[in-house]
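A.B. asks: Before anything else, here's the structure in question.
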There are 2 protein chains.
Amino acid sequence: MGESSISRKKYIVVFLGPAGSGKTTLTGFYGNWLREKTGINVGFVNLDPGAETLCYSADFDIRELVTVRDIMVKERLGPNGAFIRCMDLMLQNKEVILNSIRKMEKEYVLIDTPGQMELFVFRKAGPELISTLKELGPVVCVLIFDPIMTDSPSSLVAMMLLSLVVQLRLEVDNVVVLNKVDAIEDKSLLDLVENHENLKSVLASSSEGLVSDMALSLIDIIGEYTAASRLVKISALKKIGFEELYDILHEIFCVCGDLT
Amino acid sequence: MGESSISRKKYIVVFLGPAGSGKTTLTGFYGNWLREKTGINVGFVNLDPGAETLCYSADFDIRELVTVRDIMVKERLGPNGAFIRCMDLMLQNKEVILNSIRKMEKEYVLIDTPGQMELFVFRKAGPELISTLKELGPVVCVLIFDPIMTDSPSSLVAMMLLSLVVQLRLEVDNVVVLNKVDAIEDKSLLDLVENHENLKSVLASSSEGLVSDMALSLIDIIGEYTAASRLVKISALKKIGFEELYDILHEIFCVCGDLT
């Protein structure tokens, strides 16, 4: 079978995050850094049909099959309807996407996802694609947040909780990453994510009532799922935190994929 | 003060949900039903700059200030960038929006939100707008899901958990609604949301490993926050479940807003 050499196991990292969190930048900058650091053959996949420009050279690009702009014109849809239609078309092309990735002579594959995370997580295309990708090797998600989500203690809990939602829906391990850390002025709230006891004290003394109570109950459960409670602080543009992200991904791949 | 009569307390319902869940349809159909049923003066607000057509007559429409299509052309942005830019412009116009709603001679105001829920929940505009709206009266969110989220036991937990994420981030009560129930063929999974003990049994016997364990730990906490554990099954198009939604909203308003 001549295919065996090119269909060998791949390590797959899926970059996910709400609109504006910096998925594309991190995918590109981290991939190039990884290539330089390790000499590994890194493949790039773009699954965002709404992307305008990429900061990496895609080995597979969903826009060859479908783009939001084209769908808006051809099917006379508004931007909301066009995004949903693109997700349905992505699902229909699941095998094409999978085969393209399978054929890549890459050991590591980084996948950039739609600008709006909910299109990937809460519709059918994302979970089905991830499930299919598992045929090629171990899959891990990097869930990226913008510092906007660090603006209150309850937002910090919301951020960690969203990582559990994504794990439940996609059924893969998550690494939670806070991007643009170089732009954060007040780092006091940020430190609370590392120290759950301090976060609990702050919540207990806050005046948010039921919301604080709920957040308090949730912190302990979040703590049990360590991947979600470890927050990797990065700046994709300034390449801050890439070593730590690499170490955590490597650790997860060692456990689930026998990476040595 | 001539303003006193038109700035009296308002009951505000914000319709939120992932792309394609049916926010606009529910806002319109529920609002018209409410008007017919109670004779209450119902106001409609559209905050989706990406909407193409509405099925209600908006008393305030964000598209008078900004639309995704215009921003794509004028600022030469792709659809992702245009949506984010629209949210920033919405935030800048917070006072205009608030004043328009304040001036409405409406007792009940229904607010339709952006097609992509994450734009409203995980950026700044949503939380700040909700916080400002509280000046006008009690605010409740109706969080709408599509049956896609009922495709596995862990997705059901993800759905309920997302309601907690929204509560933590927006700091208002949530009513969780499952739309398009008339289209669900296999209703067995759906019944599990009503019966947490059965849901636990199914998760405990599933083979999803860590994901099931996590879901099990979370169910009890979800159960404590009753609003999130009560799932209202509706069909916006067929007007199924509107009575139940009305009763729950009325109940919440009675507690938080002295509605009698």
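In the structure tokens, each chain is lettered A, B, ... as it comes, each chain's residues begin at 1, and ligands are numbered from 1 in order of appearance.
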Residues of chain B were defined as contacting chain A if any atom lay at most 7 Å from it, counting only C-alpha atoms; please report them as a list in words.
C.D. replies: Pro18, Ala19, Gly50, Ala51, Glu52, Gly78, Pro79, Asn80, Gly115, Glu118, Leu119, Phe122, Arg123, Lys124, Ile148, Met149, Ser154, Ser155, Ala158, Leu161, Leu162, Val165, Leu168, Arg169, Glu171, Val211, Ser217 and Ile221 of chain B
A.B. asks: Take the residues from that selection and write them out as an mmCIF file, in the first residue's frame, keeping N, CA, C and O atoms.
C.D. replies:
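Output saved as again-v4.cif:
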```
data_model
loop_
_atom_site.group_PDB
_atom_site.id
_atom_site.type_symbol
_atom_site.label_atom_id
_atom_site.label_comp_id
_atom_site.auth_asym_id
_atom_site.auth_seq_id
_atom_site.Cartn_x
_atom_site.Cartn_y
_atom_site.Cartn_z
ATOM 1 N N PRO B 18 -27.501 30.848 19.901
ATOM 2 C CA PRO B 18 -26.518 30.657 18.836
ATOM 3 C C PRO B 18 -27.142 30.873 17.457
ATOM 4 O O PRO B 18 -28.369 30.833 17.302
ATOM 5 N N ALA B 19 -26.279 31.077 16.485
ATOM 6 C CA ALA B 19 -26.685 31.271 15.099
ATOM 7 C C ALA B 19 -27.677 30.199 14.667
ATOM 8 O O ALA B 19 -27.435 29.013 14.864
ATOM 9 N N GLY B 50 -26.768 42.406 11.369
ATOM 10 C CA GLY B 50 -26.628 41.499 10.227
ATOM 11 C C GLY B 50 -27.963 40.965 9.744
ATOM 12 O O GLY B 50 -28.014 40.174 8.802
ATOM 13 N N ALA B 51 -29.064 41.411 10.366
ATOM 14 C CA ALA B 51 -30.392 40.918 9.971
ATOM 15 C C ALA B 51 -30.739 41.394 8.567
ATOM 16 O O ALA B 51 -30.387 42.507 8.167
ATOM 17 N N GLU B 52 -31.430 40.532 7.825
ATOM 18 C CA GLU B 52 -31.888 40.938 6.488
ATOM 19 C C GLU B 52 -33.362 41.329 6.548
ATOM 20 O O GLU B 52 -33.745 42.394 6.111
ATOM 21 N N GLY B 78 -13.933 41.996 5.922
ATOM 22 C CA GLY B 78 -14.596 40.725 5.671
ATOM 23 C C GLY B 78 -15.769 40.585 6.620
ATOM 24 O O GLY B 78 -15.960 41.428 7.510
ATOM 25 N N PRO B 79 -16.598 39.543 6.451
ATOM 26 C CA PRO B 79 -17.770 39.402 7.318
ATOM 27 C C PRO B 79 -17.412 39.295 8.811
ATOM 28 O O PRO B 79 -18.109 39.881 9.642
ATOM 29 N N ASN B 80 -16.321 38.577 9.143
ATOM 30 C CA ASN B 80 -15.931 38.458 10.559
ATOM 31 C C ASN B 80 -15.587 39.818 11.159
ATOM 32 O O ASN B 80 -16.080 40.196 12.213
ATOM 33 N N GLY B 115 -27.198 37.765 15.318
ATOM 34 C CA GLY B 115 -27.294 36.387 14.847
ATOM 35 C C GLY B 115 -26.311 35.479 15.562
ATOM 36 O O GLY B 115 -26.642 34.352 15.921
ATOM 37 N N GLU B 118 -22.217 34.892 20.405
ATOM 38 C CA GLU B 118 -20.943 35.206 21.069
ATOM 39 C C GLU B 118 -20.552 36.668 20.899
ATOM 40 O O GLU B 118 -19.845 37.222 21.723
ATOM 41 N N LEU B 119 -21.031 37.303 19.820
ATOM 42 C CA LEU B 119 -20.724 38.713 19.622
ATOM 43 C C LEU B 119 -21.346 39.544 20.732
ATOM 44 O O LEU B 119 -20.802 40.557 21.167
ATOM 45 N N PHE B 122 -19.706 37.594 24.546
ATOM 46 C CA PHE B 122 -18.283 37.543 24.885
ATOM 47 C C PHE B 122 -17.490 38.786 24.513
ATOM 48 O O PHE B 122 -16.281 38.823 24.707
ATOM 49 N N ARG B 123 -18.158 39.768 23.979
ATOM 50 C CA ARG B 123 -17.484 41.050 23.778
ATOM 51 C C ARG B 123 -18.045 42.046 24.805
ATOM 52 O O ARG B 123 -18.769 41.654 25.709
ATOM 53 N N LYS B 124 -17.700 43.315 24.655
ATOM 54 C CA LYS B 124 -18.110 44.274 25.690
ATOM 55 C C LYS B 124 -19.549 44.763 25.553
ATOM 56 O O LYS B 124 -20.212 45.085 26.534
ATOM 57 N N ILE B 148 -30.301 20.701 17.434
ATOM 58 C CA ILE B 148 -28.957 20.152 17.208
ATOM 59 C C ILE B 148 -28.275 19.866 18.545
ATOM 60 O O ILE B 148 -27.516 18.914 18.671
ATOM 61 N N MET B 149 -28.567 20.708 19.565
ATOM 62 C CA MET B 149 -27.906 20.559 20.867
ATOM 63 C C MET B 149 -28.467 19.404 21.700
ATOM 64 O O MET B 149 -28.054 19.208 22.845
ATOM 65 N N SER B 154 -24.104 14.311 26.594
ATOM 66 C CA SER B 154 -23.160 15.350 27.013
ATOM 67 C C SER B 154 -23.486 16.694 26.354
ATOM 68 O O SER B 154 -23.233 17.751 26.940
ATOM 69 N N SER B 155 -24.093 16.681 25.173
ATOM 70 C CA SER B 155 -24.518 17.946 24.564
ATOM 71 C C SER B 155 -25.641 18.598 25.367
ATOM 72 O O SER B 155 -25.715 19.826 25.471
ATOM 73 N N ALA B 158 -23.987 20.296 28.059
ATOM 74 C CA ALA B 158 -23.323 21.481 27.490
ATOM 75 C C ALA B 158 -24.319 22.632 27.328
ATOM 76 O O ALA B 158 -24.018 23.789 27.626
ATOM 77 N N LEU B 161 -25.171 24.065 30.668
ATOM 78 C CA LEU B 161 -23.994 24.752 31.193
ATOM 79 C C LEU B 161 -23.798 26.102 30.506
ATOM 80 O O LEU B 161 -23.386 27.081 31.135
ATOM 81 N N LEU B 162 -24.099 26.145 29.221
ATOM 82 C CA LEU B 162 -23.949 27.399 28.491
ATOM 83 C C LEU B 162 -24.891 28.459 29.068
ATOM 84 O O LEU B 162 -24.580 29.644 29.079
ATOM 85 N N VAL B 165 -23.023 29.980 31.787
ATOM 86 C CA VAL B 165 -21.996 30.889 31.256
ATOM 87 C C VAL B 165 -22.632 32.248 30.943
ATOM 88 O O VAL B 165 -22.097 33.297 31.304
ATOM 89 N N LEU B 168 -23.473 34.137 34.116
ATOM 90 C CA LEU B 168 -22.270 34.688 34.751
ATOM 91 C C LEU B 168 -21.789 35.929 34.020
ATOM 92 O O LEU B 168 -21.304 36.878 34.618
ATOM 93 N N ARG B 169 -21.894 35.893 32.707
ATOM 94 C CA ARG B 169 -21.351 36.990 31.903
ATOM 95 C C ARG B 169 -22.305 38.193 31.849
ATOM 96 O O ARG B 169 -21.877 39.333 31.926
ATOM 97 N N GLU B 171 -25.085 38.583 33.898
ATOM 98 C CA GLU B 171 -25.633 38.874 35.225
ATOM 99 C C GLU B 171 -27.137 39.159 35.229
ATOM 100 O O GLU B 171 -27.609 40.112 35.854
ATOM 101 N N VAL B 211 -15.399 12.888 29.857
ATOM 102 C CA VAL B 211 -16.480 13.801 29.497
ATOM 103 C C VAL B 211 -17.744 13.464 30.303
ATOM 104 O O VAL B 211 -18.414 14.349 30.833
ATOM 105 N N SER B 217 -20.666 15.475 37.321
ATOM 106 C CA SER B 217 -20.371 16.422 38.407
ATOM 107 C C SER B 217 -21.152 17.719 38.246
ATOM 108 O O SER B 217 -21.491 18.385 39.225
ATOM 109 N N ILE B 221 -25.031 20.828 40.155
ATOM 110 C CA ILE B 221 -24.926 22.293 40.272
ATOM 111 C C ILE B 221 -25.959 22.964 39.365
ATOM 112 O O ILE B 221 -26.626 23.920 39.758
#
```
A.B. asks: What residues in region 128-209 of chain B get the DSSP label strand (DSSP E)? Please answer as a list in words.
C.D. replies: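 Selection result, strand (DSSP E) within region 128-209 of chain B: Val139, Val140, Cys141, Val142, Leu143, Ile144, Phe145, Asp173, Asn174, Val175, Val176, Val177 and Leu178 of chain B.
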A.B. asks: Deliver the residues from the most recent selection as a file, using all heavy atoms, as a JSON list (two decimals), in the first residue's frame.
C.D. replies:
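Once everything was written out, this is selection-v8.json:
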```json
[["chain", "number", "residue", "atom", "x", "y", "z"],
["B", 139, "VAL", "N", -34.78, 42.93, 33.77],
["B", 139, "VAL", "CA", -34.34, 42.35, 32.50],
["B", 139, "VAL", "C", -34.20, 40.84, 32.67],
["B", 139, "VAL", "O", -33.60, 40.37, 33.64],
["B", 139, "VAL", "CB", -32.97, 42.94, 32.07],
["B", 139, "VAL", "CG1", -32.53, 42.35, 30.73],
["B", 139, "VAL", "CG2", -33.02, 44.46, 32.00],
["B", 140, "VAL", "N", -34.75, 40.07, 31.74],
["B", 140, "VAL", "CA", -34.60, 38.62, 31.73],
["B", 140, "VAL", "C", -34.14, 38.19, 30.34],
["B", 140, "VAL", "O", -34.57, 38.77, 29.34],
["B", 140, "VAL", "CB", -35.93, 37.91, 32.07],
["B", 140, "VAL", "CG1", -35.80, 36.38, 31.94],
["B", 140, "VAL", "CG2", -36.40, 38.27, 33.47],
["B", 141, "CYS", "N", -33.24, 37.19, 30.29],
["B", 141, "CYS", "CA", -32.83, 36.66, 28.99],
["B", 141, "CYS", "C", -33.57, 35.38, 28.68],
["B", 141, "CYS", "O", -33.73, 34.52, 29.55],
["B", 141, "CYS", "CB", -31.34, 36.34, 28.97],
["B", 141, "CYS", "SG", -30.33, 37.78, 28.71],
["B", 142, "VAL", "N", -33.99, 35.23, 27.44],
["B", 142, "VAL", "CA", -34.51, 33.96, 26.95],
["B", 142, "VAL", "C", -33.41, 33.40, 26.04],
["B", 142, "VAL", "O", -33.05, 34.00, 25.04],
["B", 142, "VAL", "CB", -35.82, 34.14, 26.16],
["B", 142, "VAL", "CG1", -36.22, 32.83, 25.48],
["B", 142, "VAL", "CG2", -36.93, 34.61, 27.09],
["B", 143, "LEU", "N", -32.85, 32.27, 26.47],
["B", 143, "LEU", "CA", -31.73, 31.68, 25.75],
["B", 143, "LEU", "C", -32.27, 30.54, 24.88],
["B", 143, "LEU", "O", -32.79, 29.55, 25.40],
["B", 143, "LEU", "CB", -30.71, 31.16, 26.77],
["B", 143, "LEU", "CG", -29.42, 30.55, 26.27],
["B", 143, "LEU", "CD1", -28.69, 31.50, 25.34],
["B", 143, "LEU", "CD2", -28.53, 30.18, 27.46],
["B", 144, "ILE", "N", -32.15, 30.70, 23.57],
["B", 144, "ILE", "CA", -32.81, 29.79, 22.63],
["B", 144, "ILE", "C", -31.81, 28.81, 22.01],
["B", 144, "ILE", "O", -30.75, 29.21, 21.54],
["B", 144, "ILE", "CB", -33.47, 30.60, 21.48],
["B", 144, "ILE", "CG1", -34.32, 31.73, 22.07],
["B", 144, "ILE", "CG2", -34.30, 29.71, 20.57],
["B", 144, "ILE", "CD1", -34.63, 32.83, 21.07],
["B", 145, "PHE", "N", -32.17, 27.53, 22.01],
["B", 145, "PHE", "CA", -31.34, 26.53, 21.36],
["B", 145, "PHE", "C", -32.11, 25.82, 20.24],
["B", 145, "PHE", "O", -33.33, 25.70, 20.29],
["B", 145, "PHE", "CB", -30.85, 25.48, 22.36],
["B", 145, "PHE", "CG", -29.80, 26.02, 23.29],
["B", 145, "PHE", "CD1", -30.12, 26.37, 24.60],
["B", 145, "PHE", "CD2", -28.50, 26.17, 22.86],
["B", 145, "PHE", "CE1", -29.15, 26.87, 25.45],
["B", 145, "PHE", "CE2", -27.53, 26.67, 23.71],
["B", 145, "PHE", "CZ", -27.85, 27.02, 25.01],
["B", 173, "ASP", "N", -31.08, 36.78, 34.97],
["B", 173, "ASP", "CA", -31.73, 35.47, 34.93],
["B", 173, "ASP", "C", -31.92, 35.02, 33.49],
["B", 173, "ASP", "O", -32.15, 35.83, 32.60],
["B", 173, "ASP", "CB", -33.12, 35.57, 35.59],
["B", 173, "ASP", "CG", -33.09, 35.08, 37.02],
["B", 173, "ASP", "OD1", -32.16, 34.32, 37.36],
["B", 173, "ASP", "OD2", -33.98, 35.48, 37.79],
["B", 174, "ASN", "N", -31.84, 33.71, 33.32],
["B", 174, "ASN", "CA", -32.04, 33.09, 32.00],
["B", 174, "ASN", "C", -33.22, 32.14, 32.01],
["B", 174, "ASN", "O", -33.37, 31.38, 32.95],
["B", 174, "ASN", "CB", -30.86, 32.16, 31.71],
["B", 174, "ASN", "CG", -29.76, 32.82, 30.95],
["B", 174, "ASN", "OD1", -29.92, 33.94, 30.50],
["B", 174, "ASN", "ND2", -28.65, 32.14, 30.82],
["B", 175, "VAL", "N", -33.98, 32.14, 30.95],
["B", 175, "VAL", "CA", -34.93, 31.06, 30.73],
["B", 175, "VAL", "C", -34.42, 30.30, 29.50],
["B", 175, "VAL", "O", -34.15, 30.92, 28.46],
["B", 175, "VAL", "CB", -36.35, 31.61, 30.44],
["B", 175, "VAL", "CG1", -37.31, 30.47, 30.12],
["B", 175, "VAL", "CG2", -36.84, 32.43, 31.61],
["B", 176, "VAL", "N", -34.23, 28.99, 29.64],
["B", 176, "VAL", "CA", -33.69, 28.23, 28.52],
["B", 176, "VAL", "C", -34.83, 27.62, 27.71],
["B", 176, "VAL", "O", -35.72, 26.97, 28.26],
["B", 176, "VAL", "CB", -32.73, 27.11, 28.99],
["B", 176, "VAL", "CG1", -32.11, 26.40, 27.78],
["B", 176, "VAL", "CG2", -31.64, 27.69, 29.87],
["B", 177, "VAL", "N", -34.79, 27.87, 26.42],
["B", 177, "VAL", "CA", -35.86, 27.48, 25.52],
["B", 177, "VAL", "C", -35.29, 26.58, 24.42],
["B", 177, "VAL", "O", -34.24, 26.88, 23.86],
["B", 177, "VAL", "CB", -36.49, 28.76, 24.91],
["B", 177, "VAL", "CG1", -37.13, 28.49, 23.58],
["B", 177, "VAL", "CG2", -37.48, 29.39, 25.87],
["B", 178, "LEU", "N", -35.98, 25.47, 24.18],
["B", 178, "LEU", "CA", -35.59, 24.64, 23.04],
["B", 178, "LEU", "C", -36.62, 24.88, 21.94],
["B", 178, "LEU", "O", -37.80, 24.58, 22.11],
["B", 178, "LEU", "CB", -35.55, 23.17, 23.43],
["B", 178, "LEU", "CG", -35.01, 22.26, 22.32],
["B", 178, "LEU", "CD1", -33.51, 22.48, 22.13],
["B", 178, "LEU", "CD2", -35.28, 20.80, 22.65]]
```
A.B. asks: Name the residues in contact with Gly137 (chain A) at a cut-off of 9 Å, using only C-alpha atoms, excluding same-chain residues fewer than 5 positions from it; report them as a PyMOL selection string.
C.D. replies: chain A and resi 8-12+257
A.B. asks: Measure the distance from CA of Val42 (chain B) to CA of Ser131 (chain B) in Å and round it to one decimal.
C.D. replies: 21.1 Å
A.B. asks: Between CA of Glu244 (chain B) and CA of Ala183 (chain B), what is the spacing in Å?
C.D. replies: 18.9 Å
A.B. asks: Leu190 (chain A): which residues within 9 Å, counting only C-alpha atoms, same-chain residues fewer than 2 positions away excluded, as a count of residues only?
C.D. replies: 9
A.B. asks: Rounded to one decimal in Å, what is the spacing between CA of Tyr108 (chain B) and CA of Gly31 (chain B)?
C.D. replies: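 One can read the CA of Tyr108 (chain B) to CA of Gly31 (chain B) distance as 9.1 Å.
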